[in-house]
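Visitor: Just dropping this structure here.
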Amino acid sequence: MATKGSLSSFLILRLFLLLLHFNPSLLYFLKNCTILYQENPSADVYVDCKERKLLAIPDDIPKDAVSLEFGRNELLKLKQHHFHGLFKLRILEIRSNKIASAENGSFLDLAFLNTLNMGWNKLTSITANMFQGLSNLTQLELSFNRIQFIHKTAFNFLVSLQSVELSGNKIQQITEIQPILQLPQIQKLKLLENSLSSFETKDLQLNFSSSLKELHVSGDNMQMFSITTPILPHLQLIELLRSIQSSEITWYISDKHFLRNITHLYLGWRVLLFKNIKTLMKSLDSLSYLSLDATSRWIERGLLSTVCNIPTLRSLDLTCSDLRNLTFELASCSQLLELDLSFGQMAELRKGSIQSINRLQSLNVTNNKLTIVPYDIRNLAFLEVLNMQNNTILTLTCEDFVNTTSLRELYLNGNRITDIKSCVIEKLPNLMVLDLSYNLLMTFGDSFDIPLHKLEILDVIQNPIKTLDVNKFQQLQSLKMLNVETQLLNNLPVCNDLQLLDHLTVYLRPRESFKTSVSNYSEIHINAHSLKSLTLIAKDQPTDFDTVKKFLMTLTPAETFTATNIYGDPPDGRTFKFTPQLKSLTLTKTDLLIVKHKMFLPIPHLQTMDLSESEIKSLDFLMLANLTALRYLKLTDSDISVVNETVFQYLPSLTYLDLRNNPFTCECLNAGFIQWVKSNKQTQVFNGHQYECSFPVSKRGTFLLDFDVKTCWEDGSFLYFISSTCLVVLTLLTSFVYNFLRWHLKYTFHLFRAFLYDSRKRKTMNPHQFDAFVSYNVDDEGWVYREMLPVLEGQQGWRLCLHHRDFQPGKPIIENITDAIYGSRKTICVISRSYLQSEWCSREIQMASFRLFDEQKDVLILLFLEEIPARHLSPYYRMRKLVKKRTYLSWPQAAQHPGVFWQNVQRALQAGDSENTDLLTGPAGC
């Protein structure tokens with residue numbers, strides 16, 4: 001196992017290599033901000049810097065950013081350099097800071113900016129050159145500052161401005177907004193919650209008519225609203241509000257013609273005197289939308305009879321009005337198409353109240369106290385949208401929707417409905433959206449015996465449904481989105497009719513909460529070929545991965561799969577076998593403590609993956625997961641302490657990484673990851689600068705990216721790495737040499753020694769002391785003394801060197817051998833099987849053969865005592881090579897003619913030193 005020091009050194013070495021290729025111009029890492037993830041790689045760059053406690057705009061904002069979110073920081077003042085170079089910026093959000101002023105030219109580089117939000121700051125005035133350069137700005141938000149003064153030329157640069165919001169400021173005089181009304185393209189002006197005492201057009205000195213279309217005005221001290229000059233001829237919308245503490249505003253319009261284009265009117269709680277509002281209603285000839293917020297007293301005094309006499313009125317909003325005593329005041333509003341009675345405290349809508357509004361297309365009665373569906377609804381043949389959520393409706397009768405055949409959207413969520421019969425919806429052939437969530441339904445499915453061929457969205461979550469008979473869904477041939485919650489789904493045959501279903505959400509509840517014995521929900525079978533998204537959410541108690549596998553066997557989402565609160569044995573290679581085209585995978589609040597790469601092999605096209613809150617400890621499984629297309633990876637709230645940066649080499653497409661809320665270790669083990677975060681030019685680590693250290697305890701609470709990786713070079717780890725690496729390499733090399741090359745090295749060593757000896761002896765050595773050195777094995781010593789010595793020394797008179805007799809005592813053997821070979825004119829090798837197996841004999845013949853080829857002289861005589869076939873010489877490379885190229889003497893062949901044999905030995909010894917022949921000892925065959 002590698003030591004901690006060697007692992008640290010390995011990471012540091014990788015850091016060094018990364019630094020060599022460091023290019024600051026290609027950095028993706030932002031110290032204080034985040035580039036928002038975009039599914040399209042070539043999409044615009046959106047930068048998020050909100051809630052970072054920043055005192056200035058960071059200088060590393062990408063120059064190609066089109067949107068910058070800088071809200072909820074500590075910015076005190078805008079300076080000229082803050083937005084320098086951001087030429088492509090189109091949206092700038094700097095709301096909720098502490099900005100009190102802006103230097104002239106702060107926005108000079110933002111020529112393409114079209115939206116600027118500086119709301120919720122501390123501006124007290126708008127100076128002359130504050131908006132210089134913003135010629136393309138269309139929307140300006142300055143709400144909830146402390147603005148009292150606006151310079152008369154402040155808006156001259158904003159030639160494209162269409163909308164200005166100045167609500168929540170300290171503007172006291174209407175003349176302050178005159179520069180805004182003079183803008184050529186202005187359409188919307190919001191002045192709610194200011195300090196205006198009046199809004200009177202006579203106070204505005206305009207030489208031409210304004211293009212303003214929307215005007216929103218209110219104030220605690222406001223007493224008068226009047227239009228007496230024709231400066232607002234294009235006005236279409238007026239919103240007039242007041243605070244609860246202030247008195248009613250006096251409304252005065254000198255000429256009814258000034259309101260000829262008003263189509264939308266919003267009046268707040270008792271904003272006008274009753275006589276004023278009745279007069280106003282009679283002067284609005286084009287009004288189509290009217291909102292009367294909290295106007296209960298007006299209604300009690302018969303205001304609705306006046307409102308209903310407006311022939312152009314199509315939408316009436318009575319939100320937050322006390323409608324408990326509403327009887328037939330709306331009966332004369334037969335021209336209405338939309339009616340909002342939400343938050344009206346109604347326990348019932350009396351019969352006949354809205355029956356005459358037979359052209360009504362949209363009715364909203366949410367957040368009331370209705371216990372039944374109002375009777376009048378059954379007569380609204382043109383009704384398309386009905387919203388009755390958050391009431392106390394208990395039952396639905398077969399007559400409730402008897403004539404509402406045009407209904408397209410029905411919202412019944414948040415009631416107390418326990419059952420839905422098929423007769424209830426059989427009169428709704430055009431229904432496209434049905435929301436029955438958050439009710440008390442026990443069963444569901446029988447309702448669809450009557451096919452709803454146009455139903456596209458069905459939501460039945462948060463109901464105590466025991467058994468959901470999904471076989472009934474085959475009648476819903478147009479269903480695209482289905483949200484269900486159940487303890488189980490019946491075992492059903494494959495349903496082939498849901499060809500358009502593309503979004504399915506299943507909330508799974510534990511079976512233990514019911515006493516009834518029912519079949520397992522995991523046996524659902526829906527063959528929806530168009531299914532794009534499948535979501536499984538286990539509520540209250542977790543479900544297991546086996547359930548997930550069974551769902552995916554029969555439901556094959558083409559693009560997105562989400563599972564939440566799943567535990568048990570981790571998924572394996574079979575989990576996503578049937579979803580090979582999956583592009584998005586989310587497994588949250590899940591047990592992935594042991595996650596294997598095989599799980600991801602069937603889904604190589606995955607682009608986004610969220611494994612948050614899944615107890616993952618390491619990212620190493622990604623190395624073999626083959627996720628080459630992955631672009632988005634989120635692993636927040638897990639148990640990751642060390643990140644091996646080499647993982648990201650296996651994710652070549654990764655552009656977004658989120659590892660927040662993990663217990664990081666601030667030690668050299670993470671040095672490589674830290675440097676990768678800062679220097680890589682492709683992957684952005686979301687909020688990487690905010691990752692905190694959990695270990696060691698001494699660094700807890702500090703930031704991971706503040707860890708000084710230089711200390712990893714200074715603690716001797718690099719030397720430990722070098723030494724340990726050398727030791728490992730040396731050990732491996734030694735083992736290899738010993739097993740495969742030891743004889744080659746020995747041979748090379750001795751040749752080198754012989755070469756050195758030969759070079760030295762050529763200069764210093766005396767003439768040869770012996771005629772021949774006899775190399776033999778101790779087993780053949782008897783033959784040498786009995787046969788060879790008497791003839792060669794006794795009869796022929798040669799001086800022979802024998803190691804048993806002539807080697808110098810105390811001298812190293814290898815030196816004795818070298819001296820004997822180079823101190824003799826010839827070397828006689830007495831070869832036998834024992835000789836070939838002897839290590840020292842092998843060295844002697846190696847040295848002798850080196851001298852042979854080095855001096856190019858006939859100095860070697862081979863004498864075989866035994867018949868040894870050539871194939872038996874194969875292991876003895878040097879001997880086989882010599883025998884193959886040179887003639888040798890054979891004692892067994894000379895047994896009948898020993899005299900001739902010794903004459904040939906004599907001839908070989910007599911051969912001159914300069915003779916160069918292929919014969920070592922004369923002709924063969926002796």
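Scheme for the structure tokens: letters A, B, ... for chains in order shown; per-chain residue numbers from 1; ligand numbers from 1 in order shown.
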At a cut-off of 12 Å, using only C-alpha atoms, what residues contact Asp59 in chain A? Leave out same-chain residues fewer than 6 positions from it and give the result as a list of chain:residue names.
Guide: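 Close residues of Asp59 in chain A: A:Leu30, A:Lys31, A:Asn32, A:Cys33, A:His81, A:His82, A:Phe83, A:His84, A:Gly85, A:Leu86.
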Visitor: Just asking: which residues within range 85-271 of chain A are strand (DSSP E) according to DSSP, as number ranges by chain?
Guide: A: 91-93, 101-102, 115-117, 125-126, 139-141, 149-150, 163-165, 188-194, 198-200, 214-219, 224-227, 237-241, 250-253, 264-267
Visitor: Would you save the residues from that selection as a PDB file, in the first residue's frame, using C-alpha atoms?
Guide:
ATOM      1  CA  ILE A  91     -29.091  42.066 -18.324  1.00  0.00           C
ATOM      2  CA  LEU A  92     -27.620  43.576 -15.135  1.00  0.00           C
ATOM      3  CA  GLU A  93     -29.170  42.826 -11.739  1.00  0.00           C
ATOM      4  CA  SER A 101     -24.162  56.705  -5.759  1.00  0.00           C
ATOM      5  CA  ALA A 102     -22.655  55.951  -9.157  1.00  0.00           C
ATOM      6  CA  THR A 115     -32.390  45.550 -18.603  1.00  0.00           C
ATOM      7  CA  LEU A 116     -30.968  47.267 -15.491  1.00  0.00           C
ATOM      8  CA  ASN A 117     -32.263  46.481 -11.997  1.00  0.00           C
ATOM      9  CA  SER A 125     -30.800  61.068  -6.473  1.00  0.00           C
ATOM     10  CA  ILE A 126     -30.311  60.365 -10.166  1.00  0.00           C
ATOM     11  CA  GLN A 139     -36.234  48.368 -18.768  1.00  0.00           C
ATOM     12  CA  LEU A 140     -35.040  50.283 -15.702  1.00  0.00           C
ATOM     13  CA  GLU A 141     -35.860  49.176 -12.146  1.00  0.00           C
ATOM     14  CA  PHE A 149     -34.289  64.196  -6.872  1.00  0.00           C
ATOM     15  CA  ILE A 150     -33.997  63.365 -10.588  1.00  0.00           C
ATOM     16  CA  SER A 163     -40.371  50.793 -18.717  1.00  0.00           C
ATOM     17  CA  VAL A 164     -39.345  52.629 -15.521  1.00  0.00           C
ATOM     18  CA  GLU A 165     -40.140  51.460 -11.989  1.00  0.00           C
ATOM     19  CA  LYS A 188     -44.757  51.971 -18.516  1.00  0.00           C
ATOM     20  CA  LEU A 189     -44.189  54.064 -15.361  1.00  0.00           C
ATOM     21  CA  LYS A 190     -44.564  52.746 -11.798  1.00  0.00           C
ATOM     22  CA  LEU A 191     -44.801  55.291  -8.969  1.00  0.00           C
ATOM     23  CA  LEU A 192     -46.375  53.206  -6.215  1.00  0.00           C
ATOM     24  CA  GLU A 193     -45.618  53.973  -2.551  1.00  0.00           C
ATOM     25  CA  ASN A 194     -43.970  57.360  -3.012  1.00  0.00           C
ATOM     26  CA  SER A 198     -51.024  64.561  -5.883  1.00  0.00           C
ATOM     27  CA  PHE A 199     -50.736  63.463  -9.486  1.00  0.00           C
ATOM     28  CA  GLU A 200     -52.022  66.284 -11.675  1.00  0.00           C
ATOM     29  CA  GLU A 214     -49.265  52.183 -18.305  1.00  0.00           C
ATOM     30  CA  LEU A 215     -49.364  54.336 -15.178  1.00  0.00           C
ATOM     31  CA  HIS A 216     -49.157  52.928 -11.656  1.00  0.00           C
ATOM     32  CA  VAL A 217     -49.536  55.479  -8.831  1.00  0.00           C
ATOM     33  CA  SER A 218     -50.015  55.426  -5.069  1.00  0.00           C
ATOM     34  CA  GLY A 219     -48.832  57.239  -1.940  1.00  0.00           C
ATOM     35  CA  MET A 224     -55.642  64.128  -5.784  1.00  0.00           C
ATOM     36  CA  PHE A 225     -55.445  62.297  -9.100  1.00  0.00           C
ATOM     37  CA  SER A 226     -56.476  64.400 -12.072  1.00  0.00           C
ATOM     38  CA  ILE A 227     -55.993  64.471 -15.827  1.00  0.00           C
ATOM     39  CA  LEU A 237     -53.793  51.100 -18.040  1.00  0.00           C
ATOM     40  CA  ILE A 238     -54.165  52.901 -14.724  1.00  0.00           C
ATOM     41  CA  GLU A 239     -53.398  51.394 -11.345  1.00  0.00           C
ATOM     42  CA  LEU A 240     -54.395  53.589  -8.429  1.00  0.00           C
ATOM     43  CA  LEU A 241     -53.762  52.402  -4.875  1.00  0.00           C
ATOM     44  CA  THR A 250     -60.164  62.703  -5.174  1.00  0.00           C
ATOM     45  CA  TRP A 251     -60.490  61.690  -8.832  1.00  0.00           C
ATOM     46  CA  TYR A 252     -60.977  64.393 -11.424  1.00  0.00           C
ATOM     47  CA  ILE A 253     -60.999  64.029 -15.189  1.00  0.00           C
ATOM     48  CA  HIS A 264     -57.327  48.111 -17.874  1.00  0.00           C
ATOM     49  CA  LEU A 265     -58.136  49.652 -14.510  1.00  0.00           C
ATOM     50  CA  TYR A 266     -56.815  48.518 -11.103  1.00  0.00           C
ATOM     51  CA  LEU A 267     -58.357  50.161  -8.059  1.00  0.00           C
TER      52      LEU A 267
END
Visitor: Run DSSP on the backbone and give me the residues of range 479-701 of chain A it puts in helix (DSSP H, G or I), as a PDB file with N, CA and C atoms, in the first residue's frame.
Guide:
ATOM      1  N   ARG A 511     -46.489   0.301   2.000  1.00  0.00           N
ATOM      2  CA  ARG A 511     -47.663  -0.576   2.146  1.00  0.00           C
ATOM      3  C   ARG A 511     -48.048  -0.762   3.601  1.00  0.00           C
ATOM      4  N   GLU A 512     -47.102  -0.552   4.512  1.00  0.00           N
ATOM      5  CA  GLU A 512     -47.375  -0.806   5.917  1.00  0.00           C
ATOM      6  C   GLU A 512     -48.447   0.135   6.474  1.00  0.00           C
ATOM      7  N   SER A 513     -48.708   1.233   5.784  1.00  0.00           N
ATOM      8  CA  SER A 513     -49.712   2.172   6.284  1.00  0.00           C
ATOM      9  C   SER A 513     -51.127   1.708   6.002  1.00  0.00           C
ATOM     10  N   TYR A 521     -46.817  -2.558  -6.100  1.00  0.00           N
ATOM     11  CA  TYR A 521     -46.908  -1.495  -7.092  1.00  0.00           C
ATOM     12  C   TYR A 521     -45.849  -1.627  -8.165  1.00  0.00           C
ATOM     13  N   SER A 522     -44.825  -2.396  -7.906  1.00  0.00           N
ATOM     14  CA  SER A 522     -43.731  -2.475  -8.875  1.00  0.00           C
ATOM     15  C   SER A 522     -44.099  -3.273 -10.109  1.00  0.00           C
ATOM     16  N   GLU A 523     -45.303  -3.805 -10.164  1.00  0.00           N
ATOM     17  CA  GLU A 523     -45.681  -4.615 -11.309  1.00  0.00           C
ATOM     18  C   GLU A 523     -46.492  -3.828 -12.332  1.00  0.00           C
ATOM     19  N   PHE A 545     -34.083  -0.491  -4.634  1.00  0.00           N
ATOM     20  CA  PHE A 545     -33.663  -0.408  -6.027  1.00  0.00           C
ATOM     21  C   PHE A 545     -34.298  -1.506  -6.879  1.00  0.00           C
ATOM     22  N   ASP A 546     -34.718  -2.584  -6.275  1.00  0.00           N
ATOM     23  CA  ASP A 546     -35.400  -3.627  -7.058  1.00  0.00           C
ATOM     24  C   ASP A 546     -36.687  -3.076  -7.666  1.00  0.00           C
ATOM     25  N   THR A 547     -37.384  -2.241  -6.908  1.00  0.00           N
ATOM     26  CA  THR A 547     -38.591  -1.601  -7.437  1.00  0.00           C
ATOM     27  C   THR A 547     -38.250  -0.708  -8.622  1.00  0.00           C
ATOM     28  N   VAL A 548     -37.156   0.035  -8.493  1.00  0.00           N
ATOM     29  CA  VAL A 548     -36.720   0.907  -9.582  1.00  0.00           C
ATOM     30  C   VAL A 548     -36.432   0.089 -10.838  1.00  0.00           C
ATOM     31  N   LYS A 549     -35.748  -1.030 -10.673  1.00  0.00           N
ATOM     32  CA  LYS A 549     -35.410  -1.870 -11.828  1.00  0.00           C
ATOM     33  C   LYS A 549     -36.669  -2.376 -12.523  1.00  0.00           C
ATOM     34  N   LYS A 550     -37.663  -2.781 -11.736  1.00  0.00           N
ATOM     35  CA  LYS A 550     -38.888  -3.307 -12.330  1.00  0.00           C
ATOM     36  C   LYS A 550     -39.647  -2.233 -13.083  1.00  0.00           C
ATOM     37  N   PHE A 551     -39.648  -1.016 -12.538  1.00  0.00           N
ATOM     38  CA  PHE A 551     -40.287   0.081 -13.260  1.00  0.00           C
ATOM     39  C   PHE A 551     -39.597   0.306 -14.595  1.00  0.00           C
ATOM     40  N   LEU A 552     -38.266   0.327 -14.582  1.00  0.00           N
ATOM     41  CA  LEU A 552     -37.517   0.631 -15.796  1.00  0.00           C
ATOM     42  C   LEU A 552     -37.579  -0.492 -16.822  1.00  0.00           C
ATOM     43  N   MET A 553     -37.971  -1.688 -16.401  1.00  0.00           N
ATOM     44  CA  MET A 553     -38.133  -2.787 -17.357  1.00  0.00           C
ATOM     45  C   MET A 553     -39.351  -2.573 -18.238  1.00  0.00           C
ATOM     46  N   THR A 554     -40.359  -1.891 -17.694  1.00  0.00           N
ATOM     47  CA  THR A 554     -41.608  -1.711 -18.453  1.00  0.00           C
ATOM     48  C   THR A 554     -41.837  -0.267 -18.858  1.00  0.00           C
ATOM     49  N   HIS A 597     -19.131   1.262 -11.335  1.00  0.00           N
ATOM     50  CA  HIS A 597     -19.144   1.870 -12.674  1.00  0.00           C
ATOM     51  C   HIS A 597     -20.055   1.121 -13.632  1.00  0.00           C
ATOM     52  N   LYS A 598     -20.294  -0.172 -13.399  1.00  0.00           N
ATOM     53  CA  LYS A 598     -21.131  -0.958 -14.312  1.00  0.00           C
ATOM     54  C   LYS A 598     -22.556  -0.419 -14.388  1.00  0.00           C
ATOM     55  N   MET A 599     -22.975   0.286 -13.353  1.00  0.00           N
ATOM     56  CA  MET A 599     -24.306   0.868 -13.325  1.00  0.00           C
ATOM     57  C   MET A 599     -24.518   1.826 -14.497  1.00  0.00           C
ATOM     58  N   PHE A 600     -23.453   2.506 -14.947  1.00  0.00           N
ATOM     59  CA  PHE A 600     -23.591   3.544 -15.960  1.00  0.00           C
ATOM     60  C   PHE A 600     -23.237   3.083 -17.369  1.00  0.00           C
ATOM     61  N   ASP A 620     -14.100   7.854  -7.832  1.00  0.00           N
ATOM     62  CA  ASP A 620     -13.277   6.964  -8.652  1.00  0.00           C
ATOM     63  C   ASP A 620     -14.104   6.060  -9.568  1.00  0.00           C
ATOM     64  N   PHE A 621     -15.371   5.818  -9.216  1.00  0.00           N
ATOM     65  CA  PHE A 621     -16.203   4.965 -10.062  1.00  0.00           C
ATOM     66  C   PHE A 621     -16.412   5.567 -11.441  1.00  0.00           C
ATOM     67  N   LEU A 622     -16.204   6.867 -11.572  1.00  0.00           N
ATOM     68  CA  LEU A 622     -16.423   7.539 -12.855  1.00  0.00           C
ATOM     69  C   LEU A 622     -15.332   7.223 -13.871  1.00  0.00           C
ATOM     70  N   MET A 623     -14.200   6.699 -13.420  1.00  0.00           N
ATOM     71  CA  MET A 623     -13.094   6.433 -14.342  1.00  0.00           C
ATOM     72  C   MET A 623     -13.451   5.363 -15.376  1.00  0.00           C
ATOM     73  N   LEU A 624     -14.262   4.409 -14.961  1.00  0.00           N
ATOM     74  CA  LEU A 624     -14.607   3.309 -15.866  1.00  0.00           C
ATOM     75  C   LEU A 624     -16.076   3.350 -16.284  1.00  0.00           C
ATOM     76  N   GLU A 645      -8.149  14.199  -9.003  1.00  0.00           N
ATOM     77  CA  GLU A 645      -8.418  15.011 -10.193  1.00  0.00           C
ATOM     78  C   GLU A 645      -8.261  14.238 -11.491  1.00  0.00           C
ATOM     79  N   THR A 646      -7.609  13.072 -11.467  1.00  0.00           N
ATOM     80  CA  THR A 646      -7.486  12.291 -12.697  1.00  0.00           C
ATOM     81  C   THR A 646      -8.839  11.766 -13.173  1.00  0.00           C
ATOM     82  N   VAL A 647      -9.846  11.763 -12.275  1.00  0.00           N
ATOM     83  CA  VAL A 647     -11.199  11.337 -12.658  1.00  0.00           C
ATOM     84  C   VAL A 647     -11.710  12.159 -13.831  1.00  0.00           C
ATOM     85  N   PHE A 648     -11.381  13.441 -13.842  1.00  0.00           N
ATOM     86  CA  PHE A 648     -11.958  14.342 -14.835  1.00  0.00           C
ATOM     87  C   PHE A 648     -11.350  14.142 -16.228  1.00  0.00           C
ATOM     88  N   GLN A 649     -10.268  13.396 -16.315  1.00  0.00           N
ATOM     89  CA  GLN A 649      -9.739  13.035 -17.628  1.00  0.00           C
ATOM     90  C   GLN A 649     -10.686  12.081 -18.352  1.00  0.00           C
ATOM     91  N   TYR A 650     -11.499  11.379 -17.583  1.00  0.00           N
ATOM     92  CA  TYR A 650     -12.443  10.416 -18.150  1.00  0.00           C
ATOM     93  C   TYR A 650     -13.813  11.050 -18.405  1.00  0.00           C
ATOM     94  N   CYS A 668      -2.551  17.635   1.530  1.00  0.00           N
ATOM     95  CA  CYS A 668      -1.923  17.488   0.214  1.00  0.00           C
ATOM     96  C   CYS A 668      -2.622  16.459  -0.665  1.00  0.00           C
ATOM     97  N   LEU A 669      -3.427  15.594  -0.073  1.00  0.00           N
ATOM     98  CA  LEU A 669      -4.175  14.634  -0.878  1.00  0.00           C
ATOM     99  C   LEU A 669      -5.129  15.336  -1.837  1.00  0.00           C
ATOM    100  N   ASN A 670      -5.553  16.540  -1.505  1.00  0.00           N
ATOM    101  CA  ASN A 670      -6.462  17.313  -2.363  1.00  0.00           C
ATOM    102  C   ASN A 670      -5.744  18.416  -3.131  1.00  0.00           C
ATOM    103  N   ALA A 671      -4.414  18.425  -3.087  1.00  0.00           N
ATOM    104  CA  ALA A 671      -3.664  19.486  -3.760  1.00  0.00           C
ATOM    105  C   ALA A 671      -3.914  19.477  -5.267  1.00  0.00           C
ATOM    106  N   GLY A 672      -3.944  18.298  -5.854  1.00  0.00           N
ATOM    107  CA  GLY A 672      -4.194  18.195  -7.292  1.00  0.00           C
ATOM    108  C   GLY A 672      -5.570  18.703  -7.669  1.00  0.00           C
ATOM    109  N   PHE A 673      -6.575  18.371  -6.865  1.00  0.00           N
ATOM    110  CA  PHE A 673      -7.935  18.834  -7.135  1.00  0.00           C
ATOM    111  C   PHE A 673      -8.025  20.352  -7.004  1.00  0.00           C
ATOM    112  N   ILE A 674      -7.388  20.911  -5.987  1.00  0.00           N
ATOM    113  CA  ILE A 674      -7.418  22.358  -5.785  1.00  0.00           C
ATOM    114  C   ILE A 674      -6.837  23.087  -6.988  1.00  0.00           C
ATOM    115  N   GLN A 675      -5.688  22.609  -7.458  1.00  0.00           N
ATOM    116  CA  GLN A 675      -5.067  23.268  -8.600  1.00  0.00           C
ATOM    117  C   GLN A 675      -5.887  23.072  -9.871  1.00  0.00           C
ATOM    118  N   TRP A 676      -6.529  21.912 -10.009  1.00  0.00           N
ATOM    119  CA  TRP A 676      -7.380  21.654 -11.176  1.00  0.00           C
ATOM    120  C   TRP A 676      -8.562  22.610 -11.184  1.00  0.00           C
ATOM    121  N   VAL A 677      -9.181  22.835 -10.022  1.00  0.00           N
ATOM    122  CA  VAL A 677     -10.321  23.756  -9.938  1.00  0.00           C
ATOM    123  C   VAL A 677      -9.914  25.147 -10.415  1.00  0.00           C
ATOM    124  N   LYS A 678      -8.726  25.575 -10.015  1.00  0.00           N
ATOM    125  CA  LYS A 678      -8.290  26.928 -10.322  1.00  0.00           C
ATOM    126  C   LYS A 678      -7.804  27.098 -11.758  1.00  0.00           C
ATOM    127  N   SER A 679      -7.290  26.026 -12.365  1.00  0.00           N
ATOM    128  CA  SER A 679      -6.591  26.206 -13.641  1.00  0.00           C
ATOM    129  C   SER A 679      -7.250  25.553 -14.843  1.00  0.00           C
ATOM    130  N   GLY A 688     -17.060  26.812  -5.926  1.00  0.00           N
ATOM    131  CA  GLY A 688     -15.877  26.120  -5.425  1.00  0.00           C
ATOM    132  C   GLY A 688     -15.140  26.909  -4.359  1.00  0.00           C
ATOM    133  N   HIS A 689     -15.174  28.212  -4.439  1.00  0.00           N
ATOM    134  CA  HIS A 689     -14.466  29.046  -3.470  1.00  0.00           C
ATOM    135  C   HIS A 689     -15.114  29.005  -2.089  1.00  0.00           C
ATOM    136  N   GLN A 690     -16.320  28.429  -1.981  1.00  0.00           N
ATOM    137  CA  GLN A 690     -17.013  28.365  -0.692  1.00  0.00           C
ATOM    138  C   GLN A 690     -16.944  26.978  -0.054  1.00  0.00           C
ATOM    139  N   VAL A 697      -8.955  18.846  12.059  1.00  0.00           N
ATOM    140  CA  VAL A 697      -9.742  19.694  12.948  1.00  0.00           C
ATOM    141  C   VAL A 697      -9.176  21.107  13.014  1.00  0.00           C
ATOM    142  N   SER A 698      -7.860  21.228  12.910  1.00  0.00           N
ATOM    143  CA  SER A 698      -7.224  22.544  13.016  1.00  0.00           C
ATOM    144  C   SER A 698      -7.604  23.477  11.869  1.00  0.00           C
ATOM    145  N   LYS A 699      -8.041  22.929  10.745  1.00  0.00           N
ATOM    146  CA  LYS A 699      -8.415  23.742   9.581  1.00  0.00           C
ATOM    147  C   LYS A 699      -9.919  23.818   9.376  1.00  0.00           C
TER     148      LYS A 699
END
Visitor: Just how far from CA of Leu134 in chain A is CA of Ser67 in chain A, in Å to one decimal?
Guide: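 Taking CA of Ser67 in chain A and CA of Leu134 in chain A, their separation equals 15.2 Å.
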Visitor: So which residues touch Leu501 in chain A within 12 Å, counting only C-alpha atoms, skipping near sequence neighbours fewer than 6 positions away, as an NGL selection string?
Guide: :A and (455-458 or 473-474 or 476-483 or 495 or 526-534 or 555-558)
Visitor: How many Å lie between CA of Phe87 in chain A and CA of Asp109 in chain A, rounded to one decimal?
Guide: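 About the pair CA of Phe87 in chain A and CA of Asp109 in chain A: they are 5.6 Å apart.
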Visitor: Go through A:Glu793, A:Asp591, A:Asp64, A:Glu384 one by one, measure the shortest atom-to-atom distance of each to Glu613 in chain A using only C-alpha atoms, and give the residue with the smallest value.
Guide: A:Asp591
Visitor: May I have the residues within 7 Å of Met609 in chain A as a list in words, using only C-alpha atoms and disregarding those fewer than 5 positions away in the same chain?
Guide: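 Residues near the query, excluding close chain neighbours: Ser584, Leu585, Thr586, Tyr632, Leu633 and Lys634 of chain A.
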Visitor: Output N, CA and C atoms of each residue in that selection to a file, as a short mmCIF file (atom, residue, chain, number, x, y, z; two decimals), in the first residue's frame.
Guide:
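Done, and the output landed in result-v5.cif:
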data_model
loop_
_atom_site.label_atom_id
_atom_site.label_comp_id
_atom_site.auth_asym_id
_atom_site.auth_seq_id
_atom_site.Cartn_x
_atom_site.Cartn_y
_atom_site.Cartn_z
N SER A 584 -30.63 12.33 -18.89
CA SER A 584 -30.60 12.98 -17.58
C SER A 584 -30.97 11.96 -16.50
N LEU A 585 -30.14 11.88 -15.46
CA LEU A 585 -30.35 10.93 -14.38
C LEU A 585 -30.24 11.66 -13.05
N THR A 586 -31.28 11.49 -12.20
CA THR A 586 -31.27 12.07 -10.86
C THR A 586 -31.59 10.99 -9.84
N TYR A 632 -23.01 17.83 -16.99
CA TYR A 632 -23.45 18.37 -15.70
C TYR A 632 -23.37 17.27 -14.65
N LEU A 633 -22.65 17.52 -13.55
CA LEU A 633 -22.51 16.53 -12.49
C LEU A 633 -22.71 17.22 -11.14
N LYS A 634 -23.69 16.74 -10.39
CA LYS A 634 -24.00 17.31 -9.07
C LYS A 634 -23.91 16.21 -8.03
#
Visitor: Excluding same-chain residues fewer than 4 positions from range 826-840 of chain A, what lies within 6 Å of it counting only C-alpha atoms, as a VMD selection string?
Guide: chain A and resid 772 to 777 859 to 866
Visitor: Would you mind listing what lies within 10 Å of Leu611 in chain A as a list in words, with only C-alpha atoms counted and same-chain residues fewer than 3 positions away left out?
Guide: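 Close residues of Leu611 in chain A: Ala563, Thr564, Leu585, Thr586, Leu587, Thr588, Lys589, Thr590, Asp591, Leu592, Ser614, Glu615, Ile616, Leu633, Lys634, Leu635, Thr636, Asp637 and Ser638 of chain A.
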Visitor: From the set A:Glu781, A:Glu176, A:Asp376, A:Asp459, which residue has the shortest atom-to-atom contact distance to Leu349 in chain A, counting only C-alpha atoms?
Guide: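 The answer is A:Asp376, which sits nearest to Leu349 in chain A.
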